[in-house]
Each structure stands twice: as structure tokens, then as C-alpha cells.
Amino acid sequence: MLRQITAATAAILLLSFPVAAHKVIEPGLNDKIVKGVFSANPETRWNRLQQRDGNYQEIWTIDGDRLNRVVFYGGVPVGEPLVRERDKKRDPLPEVTGNMLLPDIPLLLERTYRTKYGIAIMAIGRQEPATLDGRPAIAFDYTFIDPEYEVETKGEAIAALDNGRLYLVAFEAPSVFYFNRDVQKFRDLVKTVSLTR
Amino acid sequence: MRRAAFCAGAGLAALLPLAASAAEELPLLPPYVAAYEPQSVDERGMWMMADEQEKLWALSELRVDDEELNAYVERVLCETVGKDRCSGVRIHILNVPAFNATMSPNGAMTVWSGLLLRVRTEAQLAAVLGHEFAHFEMRHSLKGFEQRRSASDASAWLGVLGGFAQVNTGDAQVSLVGSIFQFNRGQETEADLLGLKYLAQSAYPSRAASEVWQQLMEESDATAFGRKIKKRDTYRAGFFDTHPTSLSRADYLLDQALAYNDAGDPRSKEHYEAIQKHLPKFLADQVKLNDFNGTEYILSGIAGTTGWTGELLHARAELFAARGNPRDLITSTTLYLQAMDAGYRPPETLRGLGLSLVKSGKRSEGARYLEDYLAILPDAPDAAIIKMYVPK
Amino acid sequence: MLGRLISHLLVLSAALALPFAAAAQEKTGSKDGFSLQQGTVRIALLEPRILVGEQSTGGMFEPNADWTEQARENLEQELTAALGSVGNEVVRLNLNVTPEADSLRRYNYLFGAVAGSVVEYQFFPGNRLPTKKQEKSFEWTVGPGLRDVAALDGFDYVLMIRTKDAYGSTGRKALQIVGLLAGVGVTSGEHVGMAGLVDVKTGDVVWLNADLQMGGDPRTPEGAAKRVSQLLEGFPGMEPVKP
């Protein structure tokens, strides 16, 4: 009985103590983003968060997830959601579809945020054509209220559809101060992003 | 714990079975004692927390700051429970697209936008407000703070209060959206029955209480159907997480209402007039939740009173467009066109129609509507990307 | 009976899987080179969040209004005295629901996010960002826009104080003993606190102190004094008062 308790407790503690810590991302070529889907050449240091929400996501941050985060989603195939579903049957998330157009991508992100994270206030702003590693892409802005700290957060993203897969790179930071301070680092980073798979 | 002068729970058995001919005598409400001050240590602690939480609601980004809408909800409450009772209540409307209302022991009530979208009449709104007020009148002793751990719809909307006040506490302390106060099942039943008494006394028909539950269960069934999961007889998810129910709840509410045999105008048109300004936003928030069949059910419910207005047709079109199967796009195209026929021609409709056509392979027809969109809103934030689908 | 108790403990241990459990219990960070000009500064104490109650057997928090009121009075008095003892003026600011106060409100939310990040990503070793690991690195800010907040006119610093005390009930203390026997950690009582100082001119967090096992019972004046000295431990320019 005691062994069962200690095993269960150990399992619980394992979940709450991340075994692998966050990793530093040094400036320079990095071709292992989302397990090799993206490559990029950052000019500044970042931290790669150990946690991620699903197999298609990777998060980099300077000061912490809620202060400045770059999120990579790639390559999400048709029929899959951007992030992990809590319960595929009872709580399904919106999916990448085969006939998506670029203007559908911001809506996919918004629906995902509202459905999964309970974000009740979100708005998409500017949407423009762009390129991501030579592919036709959409660049867009958004704002939402982060429910954890109730901070108004701005987002800027670029996304492309290629060969039945969605690729999206976004930057999110509080509207007050952080977004303006750090967005250029994101824009510089995006210029170096290429899709390897 | 103080209770109202009558004991609502014990009265139920005596009120059934139905009298076929004579209507049940309408219940007398006891004189209302306002200006209650919390007595026990526990009560005062609860009130303090209630005050803290109410301050957060007042400051919250989620607050719907519309005097008219607040006045509407207040008026319905006052018409339900009477002026003496309603004067002690402060209402906060929160922008959350799920069905819920909460009551705190200090007189603060919240109403979520998803509730305003789902009730179909003033009487149904009155039923919910009356039920929540009943908890307040009966000074229901509170079971402490429940931890929100389930993955249900309602708790998915409960954000943790920002910042350091919650550092590593483990308990859901002052949760912003959900109320920290929860009542036990016996208290819920008491509130149902006192709520019915208020309705019966008011100009609203008391049958409305049962209707609310029936509709919630039907919506839940629709969602389940869409997700191909088994319909439940005991409803536990979503709103039911905090107000667990089974079929019997709708039943006993209906039985009691039939026994009262009170009539009244439920005022359905008036409800939609009151929320008209907010309806497109409430609809848009609901449509984006990835619950196809549940949303369809809600839309049909509204259409039952208002008919298929342009807003509803547009919302339905967006629903199909988002799901986006080839057949769905034909449907969405038709619905957008119907919205326009009904005189509803905001830029969003033109945009939606244009994109649905483009995605269906009808690029030149689609381009026509997108051109119209750009003509109305040349500086639209998405003008540049929409232009991509309009050949020069 | 024992079986039920043990399965109850399992549920508790899940609820108690606190990231900070075995790690360092208190931490202070301050901006490199920061020092406070004693006797010359005006500090805005931004609506301190003080909460006192009991922790039930099941670990739920039961607030106590009397205790909280006492603690609030005592702590604010002691804070004013302690900071004032070196000649600083402390003024309490409330958060209101007015358009003018909107800006202050948004900064208050951002303070929370920044303080949360400090604790989560710098203080807590299991979750520390590698770029924040260097000893002297304490670079946290809400940005220079803070000086434009009208409500902060005339103030040099904003002080944030947040404390929560949950005294273990008898049932909880008993559970703690049983937990020890079963090899499961059950904490009884929770006394967490945080104090942070932000420079109004730059928005920089010049000092932050987080303590997850605070001492001193704030319901008594003596206890509040001890608590304040712990909250202000490492406060630039303060003499540490160890009772």
C-alpha cells in the first residue's frame, strides 16, 4: 500500500517538477525547431520553453511566457488542430482543412484560442499578403486579453499553407511596453525562418 | 443559518399531484428583511471574499459596460422579485459565451453573455435571476470554495486571477469569472422552488423555469449528437457542472408550474429587442466556439421568435463556412445570400460570401462580392489580403 | 478506514503538487546597483492584497474577515512605520473604476504578470529560464510609460504587497501527522507573501521579495512587525531587523 502511494506521489511530483529544464537558444543557425520543421537564425538569445501544447508547437521567450513569446506551429497537417486536444471526442478543436485559404488562418487561431484557452476577448486586425520562406503567406495582427493575468496582449503572426500543411510563427506580448520593445526581434527572426519539412 | 419563514423543500410533496380543475393558490412570499448583516465568523469571511471578488468584476476587462443592458436585467429582476428585494442587488454582466449566472452573499450577481443569448424570453431570464436571488434571500450557507478542476465548458472559462495573489496556492482562490460560491444540491432545489414562487407571483409565467432547463438539455444533446457521443440522461458538463441535474429537475419545475397554473406574457420579442445591440457580438462569440450542432440549436431557438433575421442567417452562414466541407460551402453561400435578401448587408457578409464562393471554385463570382466589400471598406484591415482574390 | 484515508491523501497530494514544494522557500532579487535615497522618496503603496483565513482539512481556504481586517490594519501600519523610519513617505493608493484610473489598473495587471514571471522563471529553480540564471541578472520592468500614469504623479516608487495566510485547522494538522506516516507531504497552513518595488521613472522592478513560508502572525502587532521585516528583507537601505 505504501509502495503504491509513493509511486503515485512520485508520478505526481514528476509532472510538477519538469525533468528537462528550459534550454537556451543561442544566436546562430538553428534547424531543430519543432523537431526540424523550421530552421531560423536568431541574432539574440532566447529561451526555449520545455512545455509545449502538442507536437506541432514550440515556444521561445525572453522574460517569460506572458511577457514575450514566439510560438512556432508546424507543419500542422489537414485534419489536425494547432494544439493538443484535451479530449478529442468531447472537446474537439478546430482543424486545418484541405481547402483553407490564407484569410482562414487568423480565424483558425482565434477559434482555437477561444475554444481551448477560454479567451473571451480577441480581435483580428491587419491582414496582409506576405511570404514565408518564399511561399505565399499571410501576415496578421491580433489582440486578446490573457486570462491568467488579465493583461491586454498584442500578437503579430505570419503563416503559410504548403503541401497540405500549415506553418505559423507568432509573437505575443503585453500591449503595454513589451510588444513594442521586442517585436523587432521577432520580425528579424522571421526573415531568417525557413521551412525544412 | 437563517432560513426564510417557510420551508420550500418540505412543501414540494404537498403540492403534487396536480389538481385537475382548481389552480394551486399562489404562494405568499414572506416579508422581506433587507439590510442583512453577516453574523457568524464564516459568514463574515465569505462576505469579505465576496466583496473582493465583486471589486475584481467591477474592474474586469470582461465586464460588459452598457447601462442600457444592465438596466434591462435589473428591471427583469425587479419585476420578478419585487422592488423591496431587488434593491439590494448589484448586477455585473460579463462577456463570457457560456450559460451561467452567479450569486454572492453580499448581493452581487453576475450574468454571462452566453446566458442572455440562450434565454428566449424575459420570463426565462426572470426564472434564472429569481433562482439566483433565492439563494441570496435564503442566506444559503456556503460550502466554501470549490476547486475548479473539471474540463467542462463552464470551468474552461474560469481564468485564474492574474498575478501574485494566487502564487502556488493550488486552490482556486478568487477566480475571476466563476463565482467562488457554490451551493449543494438541496440548496439548489430550494432555490428552484422559491424561484418558482417569485415567478408565480410576478407577471411572468412560472413555466419558464422548466423551459430553461429543457432548452439547456436539448442544446447539450445537440452538441453530443454533433460530436457523436452518447446523449446523457444525467447532465454534468457545462452549466450542469455547477448545477447538476437530471431529467427530473425539468420535470418537477414543470409539475409545480402546472400546479400554480399561472398565466402571463413571457415577453419573447421584448427580450430580443433588449439585447439587439449586442446580438451580433454574442452570436459571433458563440459561432467561434467549434460547437456546430449546439450553436445551430441556439440559432434555431432565437429564430423561433424573431424569424430568420439577417443576423441569424449570417451567423449560421459563418458556422458552415468555418466547418468548410465542400457541401458546407454551398450552404454558407446560400445563407449569406439569404441574409442579404433580408436586407442584412454589412461588409462581413459580403466578405464571407465572397470567400465561400472562392473556396467553392467559383472564383469570379466570389471576386465580385469581394470587390463590393473593398468598395465599402477600402481601408479595411484585411483589404490587402482580400485584394489577392480580386483579379485586376 | 485507513484505506479511505490513504486514498484521500492521494487526492490531496495531487492537489498539493505545488511547484515550489521542495525548492527554496524565499528569494529576493534586486536590480544591480540599485540603492534607495533615504528620506527623500514618496512611495505609493498600491492597494495591498492581504488575505487571512483557515485551511480546512481538505485544503480549501476559508477566509476570515476579522483576521484579514486586523492583518490589513497591522501590516499597513507597520509598513508605513518601517519605511518611514528611514524618512520615506508612504501613501496608500486605491484602484478605482474610473476612466482616469484605467491606466493605473492596466499597470497593476502588468505588475502581476511581471511579478509572476519573476517568481516562475527566475526564483523557482525548476522552472528558471537559463538566460535569467546569472546571479546579478535582475532585469525586470513594466517600461517607462509608468511615469505618465496620472495617479502616480509625485511618487517615486510603487510598492506592491501581497500576502496570504491560511492557518491550518485542527483537522489539517492531524492530517499532516498522518501524512508523515504515509510518506506523503501534507503542508499545514500556508503563509506566502511578496513585496515588490517599482521605480516610477523607469518602470524597472528594482526589488522583489517572495517568501513562501513567512513567519510572524499579522493578526498581532508584534507578528505584523516581524512579517513586515521579512517582507522587506533585502529592501535597499533598510537595516534587517531580526527579532
# chains A, B, ... in the order shown; residues from 1 in each chain; ligands from 1
$ closest_atom_pairs --of "chain C" --to "chain B" --cutoff "6 Å" --atoms "only C-alpha atoms" --output "Markdown table"
| residue | atom | partner | partner_atom | distance |
| --- | --- | --- | --- | --- |
| C:Pro63 | CA | B:Gly45 | CA | 4.8 |
| C:Asn64 | CA | B:Gly45 | CA | 4.1 |
| C:Ala65 | CA | B:Gly45 | CA | 4.2 |
| C:Val97 | CA | B:Leu59 | CA | 5.9 |
| C:Gly112 | CA | B:Gly163 | CA | 3.8 |
| C:Ala113 | CA | B:Gly163 | CA | 5.5 |
| C:Gly116 | CA | B:Gly163 | CA | 5.7 |
$ write_last_selection --atoms "N, CA and C atoms" --output "PDB file, in the first residue's frame"
ATOM      1  N   PRO C  63     -11.849  31.991   4.288  1.00  0.00           N
ATOM      2  CA  PRO C  63     -11.411  33.327   4.681  1.00  0.00           C
ATOM      3  C   PRO C  63     -12.023  33.754   6.005  1.00  0.00           C
ATOM      4  N   ASN C  64     -11.316  34.595   6.712  1.00  0.00           N
ATOM      5  CA  ASN C  64     -11.815  35.119   7.968  1.00  0.00           C
ATOM      6  C   ASN C  64     -11.729  36.636   7.911  1.00  0.00           C
ATOM      7  N   ALA C  65     -12.900  37.270   7.972  1.00  0.00           N
ATOM      8  CA  ALA C  65     -12.933  38.720   7.769  1.00  0.00           C
ATOM      9  C   ALA C  65     -12.235  39.472   8.895  1.00  0.00           C
ATOM     10  N   VAL C  97     -12.764  52.400 -10.266  1.00  0.00           N
ATOM     11  CA  VAL C  97     -13.340  52.137 -11.584  1.00  0.00           C
ATOM     12  C   VAL C  97     -13.661  53.450 -12.271  1.00  0.00           C
ATOM     13  N   GLY C 112       1.374  42.352 -11.968  1.00  0.00           N
ATOM     14  CA  GLY C 112       1.081  40.960 -11.600  1.00  0.00           C
ATOM     15  C   GLY C 112       1.777  39.990 -12.541  1.00  0.00           C
ATOM     16  N   ALA C 113       1.701  40.288 -13.839  1.00  0.00           N
ATOM     17  CA  ALA C 113       2.311  39.398 -14.823  1.00  0.00           C
ATOM     18  C   ALA C 113       3.827  39.388 -14.677  1.00  0.00           C
ATOM     19  N   GLY C 116       4.742  37.630 -11.432  1.00  0.00           N
ATOM     20  CA  GLY C 116       4.528  36.202 -11.650  1.00  0.00           C
ATOM     21  C   GLY C 116       5.663  35.588 -12.437  1.00  0.00           C
TER      22      GLY C 116
END
$ closest_atom_pairs --of "chain C" --to "chain A" --cutoff "6 Å" --atoms "only C-alpha atoms" --output "CSV"
residue,atom,partner,partner_atom,distance
C:Pro19,CA,A:Ser16,CA,5.6
C:Tyr109,CA,A:Val151,CA,5.8
C:Ala113,CA,A:Tyr149,CA,5.7
C:Ser117,CA,A:Gly64,CA,5.7
C:Pro130,CA,A:Val24,CA,5.8
C:Gly143,CA,A:Phe177,CA,5.5
$ residues_around --residues "range 100-104 of chain C" --least-positions-apart "3" --cutoff "10 Å" --atoms "only C-alpha atoms" --output "PDB file with N, CA and C atoms, in the first residue's frame"
ATOM      1  N   VAL A 176       1.151  46.936 -23.326  1.00  0.00           N
ATOM      2  CA  VAL A 176       1.914  47.951 -22.605  1.00  0.00           C
ATOM      3  C   VAL A 176       3.382  47.555 -22.624  1.00  0.00           C
TER       4      VAL A 176
ATOM      5  N   LEU B  59     -13.755  45.910 -12.024  1.00  0.00           N
ATOM      6  CA  LEU B  59     -12.563  46.394 -12.717  1.00  0.00           C
ATOM      7  C   LEU B  59     -12.226  45.561 -13.955  1.00  0.00           C
TER       8      LEU B  59
ATOM      9  N   LEU C  46       0.372  50.355  -3.440  1.00  0.00           N
ATOM     10  CA  LEU C  46      -0.751  50.105  -4.331  1.00  0.00           C
ATOM     11  C   LEU C  46      -1.658  49.020  -3.783  1.00  0.00           C
ATOM     12  N   LEU C  93      -2.625  53.862  -2.268  1.00  0.00           N
ATOM     13  CA  LEU C  93      -3.433  54.183  -3.440  1.00  0.00           C
ATOM     14  C   LEU C  93      -4.463  53.084  -3.672  1.00  0.00           C
ATOM     15  N   ASN C  94      -5.677  53.498  -3.985  1.00  0.00           N
ATOM     16  CA  ASN C  94      -6.707  52.517  -4.300  1.00  0.00           C
ATOM     17  C   ASN C  94      -6.921  52.419  -5.805  1.00  0.00           C
ATOM     18  N   LEU C  95      -7.416  51.264  -6.215  1.00  0.00           N
ATOM     19  CA  LEU C  95      -7.755  51.088  -7.630  1.00  0.00           C
ATOM     20  C   LEU C  95      -9.234  51.357  -7.787  1.00  0.00           C
ATOM     21  N   ASN C  96      -9.574  52.306  -8.596  1.00  0.00           N
ATOM     22  CA  ASN C  96     -10.988  52.650  -8.760  1.00  0.00           C
ATOM     23  C   ASN C  96     -11.467  52.337 -10.164  1.00  0.00           C
ATOM     24  N   VAL C  97     -12.764  52.400 -10.266  1.00  0.00           N
ATOM     25  CA  VAL C  97     -13.340  52.137 -11.584  1.00  0.00           C
ATOM     26  C   VAL C  97     -13.661  53.450 -12.271  1.00  0.00           C
ATOM     27  N   TYR C 107      -1.617  48.926 -15.519  1.00  0.00           N
ATOM     28  CA  TYR C 107      -0.273  48.688 -14.993  1.00  0.00           C
ATOM     29  C   TYR C 107      -0.311  47.712 -13.830  1.00  0.00           C
ATOM     30  N   ASN C 108      -1.375  47.782 -13.055  1.00  0.00           N
ATOM     31  CA  ASN C 108      -1.492  46.836 -11.941  1.00  0.00           C
ATOM     32  C   ASN C 108      -1.543  45.400 -12.456  1.00  0.00           C
ATOM     33  N   TYR C 109      -2.291  45.195 -13.536  1.00  0.00           N
ATOM     34  CA  TYR C 109      -2.331  43.854 -14.124  1.00  0.00           C
ATOM     35  C   TYR C 109      -0.939  43.452 -14.618  1.00  0.00           C
ATOM     36  N   LEU C 110      -0.256  44.396 -15.235  1.00  0.00           N
ATOM     37  CA  LEU C 110       1.068  44.089 -15.758  1.00  0.00           C
ATOM     38  C   LEU C 110       2.065  43.812 -14.635  1.00  0.00           C
ATOM     39  N   GLY C 145       6.650  53.958 -19.575  1.00  0.00           N
ATOM     40  CA  GLY C 145       5.335  54.589 -19.666  1.00  0.00           C
ATOM     41  C   GLY C 145       4.698  54.794 -18.306  1.00  0.00           C
ATOM     42  N   LEU C 146       5.246  54.110 -17.302  1.00  0.00           N
ATOM     43  CA  LEU C 146       4.666  54.201 -15.960  1.00  0.00           C
ATOM     44  C   LEU C 146       4.657  55.637 -15.445  1.00  0.00           C
ATOM     45  N   ASP C 148       3.955  58.209 -16.886  1.00  0.00           N
ATOM     46  CA  ASP C 148       2.864  59.018 -17.427  1.00  0.00           C
ATOM     47  C   ASP C 148       1.518  58.737 -16.779  1.00  0.00           C
ATOM     48  N   VAL C 149       1.495  57.799 -15.849  1.00  0.00           N
ATOM     49  CA  VAL C 149       0.226  57.488 -15.186  1.00  0.00           C
ATOM     50  C   VAL C 149      -0.094  58.600 -14.193  1.00  0.00           C
ATOM     51  N   ALA C 150      -1.183  59.301 -14.440  1.00  0.00           N
ATOM     52  CA  ALA C 150      -1.521  60.482 -13.649  1.00  0.00           C
ATOM     53  C   ALA C 150      -1.605  60.193 -12.162  1.00  0.00           C
ATOM     54  N   ALA C 151      -2.172  59.037 -11.830  1.00  0.00           N
ATOM     55  CA  ALA C 151      -2.348  58.716 -10.416  1.00  0.00           C
ATOM     56  C   ALA C 151      -1.021  58.603  -9.682  1.00  0.00           C
ATOM     57  N   LEU C 152       0.065  58.425 -10.423  1.00  0.00           N
ATOM     58  CA  LEU C 152       1.372  58.263  -9.777  1.00  0.00           C
ATOM     59  C   LEU C 152       2.187  59.551  -9.761  1.00  0.00           C
TER      60      LEU C 152
END
$ select_by_dssp --residues "range 83-139 of chain B" --states "strand (DSSP E or B)" --output "list in words"
Arg90, Ile91, His92, Ile93, Leu94, Ala101, Thr102, Met103, Ala108, Met109, Thr110, Val111 and Trp112 of chain B
$ closest_atom_pairs --of "chain A" --to "chain B" --cutoff "10 Å" --atoms "only C-alpha atoms" --output "tab-separated table"
residue	atom	partner	partner_atom	distance
A:Arg86	CA	B:Ala151	CA	7.9
A:Asp87	CA	B:Ala151	CA	8.9
A:Lys88	CA	B:Arg227	CA	9.3
A:Lys89	CA	B:Arg227	CA	6.3
A:Arg90	CA	B:Arg227	CA	6.7
A:Asp91	CA	B:Arg227	CA	8.7
A:Pro92	CA	B:Asn290	CA	7.4
A:Leu93	CA	B:Asn290	CA	6.5
A:Pro94	CA	B:Asn290	CA	6.2
A:Glu95	CA	B:Arg323	CA	8.8
A:Thr97	CA	B:Gly324	CA	7.6
A:Gly98	CA	B:Asn325	CA	8.9
A:Asn99	CA	B:Lys359	CA	6.6
A:Met100	CA	B:Lys359	CA	7.7
A:Leu101	CA	B:Lys359	CA	7.5
A:Leu102	CA	B:Ile385	CA	8.2
A:Pro103	CA	B:Ile385	CA	7.1
A:Asp104	CA	B:Ala322	CA	8.3
A:Leu107	CA	B:Lys288	CA	8.4
A:Leu108	CA	B:Ala322	CA	8.5
A:Glu110	CA	B:Lys288	CA	7.7
A:Arg111	CA	B:Lys288	CA	5.1
A:Thr112	CA	B:Leu289	CA	8.1
A:Tyr113	CA	B:Leu289	CA	9.2
A:Arg114	CA	B:Leu289	CA	6.4
A:Thr115	CA	B:Leu289	CA	5.1
A:Lys116	CA	B:Ala156	CA	7.7
A:Tyr117	CA	B:Ala156	CA	7.2
A:Gly118	CA	B:Trp157	CA	4.7
A:Ile119	CA	B:Trp157	CA	7.6
A:Ala120	CA	B:Val96	CA	5.9
A:Ile121	CA	B:Leu62	CA	7.5
A:Met122	CA	B:Asp285	CA	9.4
A:Ile124	CA	B:Pro381	CA	8.8
A:Gly125	CA	B:Pro381	CA	5.7
A:Arg126	CA	B:Pro381	CA	4.3
A:Gln127	CA	B:Asp382	CA	4.3
A:Glu128	CA	B:Ile385	CA	4.6
A:Pro129	CA	B:Ile385	CA	5.2
A:Ala130	CA	B:Ile385	CA	8.9
A:Ala137	CA	B:Ile385	CA	9.6
A:Ile138	CA	B:Ile385	CA	7.4
A:Ala139	CA	B:Ile385	CA	8.9
A:Phe140	CA	B:Asp382	CA	8.5
A:Asp141	CA	B:Pro381	CA	9.3
A:Ile145	CA	B:Glu61	CA	7.6
A:Asp146	CA	B:Gly159	CA	8.9
A:Pro147	CA	B:Gly159	CA	5.1
A:Glu148	CA	B:Gly162	CA	5.0
A:Tyr149	CA	B:Gly162	CA	3.2
A:Glu150	CA	B:Gly162	CA	5.8
A:Val151	CA	B:Gly162	CA	8.1
A:Glu152	CA	B:Glu61	CA	8.6
$ residues_around --residues "Gly193 in chain C" --least-positions-apart "6" --cutoff "9 Å" --atoms "only C-alpha atoms" --output "ChimeraX atom specification"
/B:164-165,167 /C:161-165,209-214,231
$ write_last_selection --atoms "N, CA and C atoms" --output "mmCIF file, in the first residue's frame"
data_model
loop_
_atom_site.group_PDB
_atom_site.id
_atom_site.type_symbol
_atom_site.label_atom_id
_atom_site.label_comp_id
_atom_site.auth_asym_id
_atom_site.auth_seq_id
_atom_site.Cartn_x
_atom_site.Cartn_y
_atom_site.Cartn_z
ATOM 1 N N PHE B 164 0.081 37.705 -8.460
ATOM 2 C CA PHE B 164 0.719 37.029 -7.391
ATOM 3 C C PHE B 164 -0.215 36.584 -6.286
ATOM 4 N N ALA B 165 -1.413 37.109 -6.286
ATOM 5 C CA ALA B 165 -2.332 36.726 -5.221
ATOM 6 C C ALA B 165 -2.562 35.227 -5.225
ATOM 7 N N VAL B 167 -0.210 32.903 -6.121
ATOM 8 C CA VAL B 167 1.007 32.111 -6.277
ATOM 9 C C VAL B 167 0.907 30.761 -5.593
ATOM 10 N N ILE C 161 2.356 44.887 -2.361
ATOM 11 C CA ILE C 161 2.423 43.916 -1.269
ATOM 12 C C ILE C 161 1.287 42.929 -1.451
ATOM 13 N N ARG C 162 1.616 41.664 -1.389
ATOM 14 C CA ARG C 162 0.568 40.646 -1.459
ATOM 15 C C ARG C 162 0.906 39.556 -0.463
ATOM 16 N N THR C 163 -0.034 39.276 0.420
ATOM 17 C CA THR C 163 0.188 38.183 1.376
ATOM 18 C C THR C 163 -1.063 37.350 1.516
ATOM 19 N N LYS C 164 -0.830 36.093 1.804
ATOM 20 C CA LYS C 164 -1.952 35.206 2.075
ATOM 21 C C LYS C 164 -1.557 34.264 3.192
ATOM 22 N N ASP C 165 -2.380 34.238 4.220
ATOM 23 C CA ASP C 165 -2.139 33.351 5.357
ATOM 24 C C ASP C 165 -3.323 32.424 5.531
ATOM 25 N N ASN C 209 10.732 40.563 -3.524
ATOM 26 C CA ASN C 209 10.982 39.578 -2.488
ATOM 27 C C ASN C 209 9.783 38.627 -2.439
ATOM 28 N N ALA C 210 10.041 37.352 -2.541
ATOM 29 C CA ALA C 210 8.958 36.376 -2.467
ATOM 30 C C ALA C 210 9.296 35.367 -1.388
ATOM 31 N N ASP C 211 8.361 35.139 -0.522
ATOM 32 C CA ASP C 211 8.617 34.219 0.581
ATOM 33 C C ASP C 211 7.435 33.272 0.695
ATOM 34 N N LEU C 212 7.733 31.995 0.602
ATOM 35 C CA LEU C 212 6.640 31.036 0.578
ATOM 36 C C LEU C 212 6.384 30.416 1.934
ATOM 37 N N GLN C 213 7.178 30.798 2.911
ATOM 38 C CA GLN C 213 6.918 30.327 4.279
ATOM 39 C C GLN C 213 7.205 31.482 5.229
ATOM 40 N N MET C 214 6.265 32.420 5.202
ATOM 41 C CA MET C 214 6.513 33.613 6.000
ATOM 42 C C MET C 214 6.246 33.344 7.481
ATOM 43 N N LEU C 231 9.023 40.715 4.829
ATOM 44 C CA LEU C 231 8.605 41.184 3.503
ATOM 45 C C LEU C 231 9.631 42.145 2.937
#
$ atom_distance --atom1 "CA of Gly343 in chain B" --atom2 "CA of Glu296 in chain B"
21.6 Å
$ residues_around --residues "range 122-126 of chain B" --least-positions-apart "6" --cutoff "7 Å" --atoms "only C-alpha atoms" --output "list in words"
Val76, Leu77, Thr80, Tyr204, Pro205, Ala208, Ala209, Val212, Pro266, Arg267, Ser268 and His271 of chain B
$ write_last_selection --atoms "C-alpha atoms" --output "tab-separated table (two decimals), in the first residue's frame"
chain	number	residue	atom	x	y	z
B	76	VAL	CA	-36.46	41.96	-15.11
B	77	LEU	CA	-35.10	41.09	-11.67
B	80	THR	CA	-39.65	39.09	-10.70
B	204	TYR	CA	-44.23	36.12	-15.81
B	205	PRO	CA	-45.45	32.53	-16.28
B	208	ALA	CA	-40.44	29.49	-17.92
B	209	ALA	CA	-38.16	27.87	-15.33
B	212	VAL	CA	-34.77	26.97	-19.42
B	266	PRO	CA	-43.39	35.61	-21.35
B	267	ARG	CA	-42.32	38.58	-23.49
B	268	SER	CA	-40.09	37.00	-26.06
B	271	HIS	CA	-36.03	40.14	-24.75
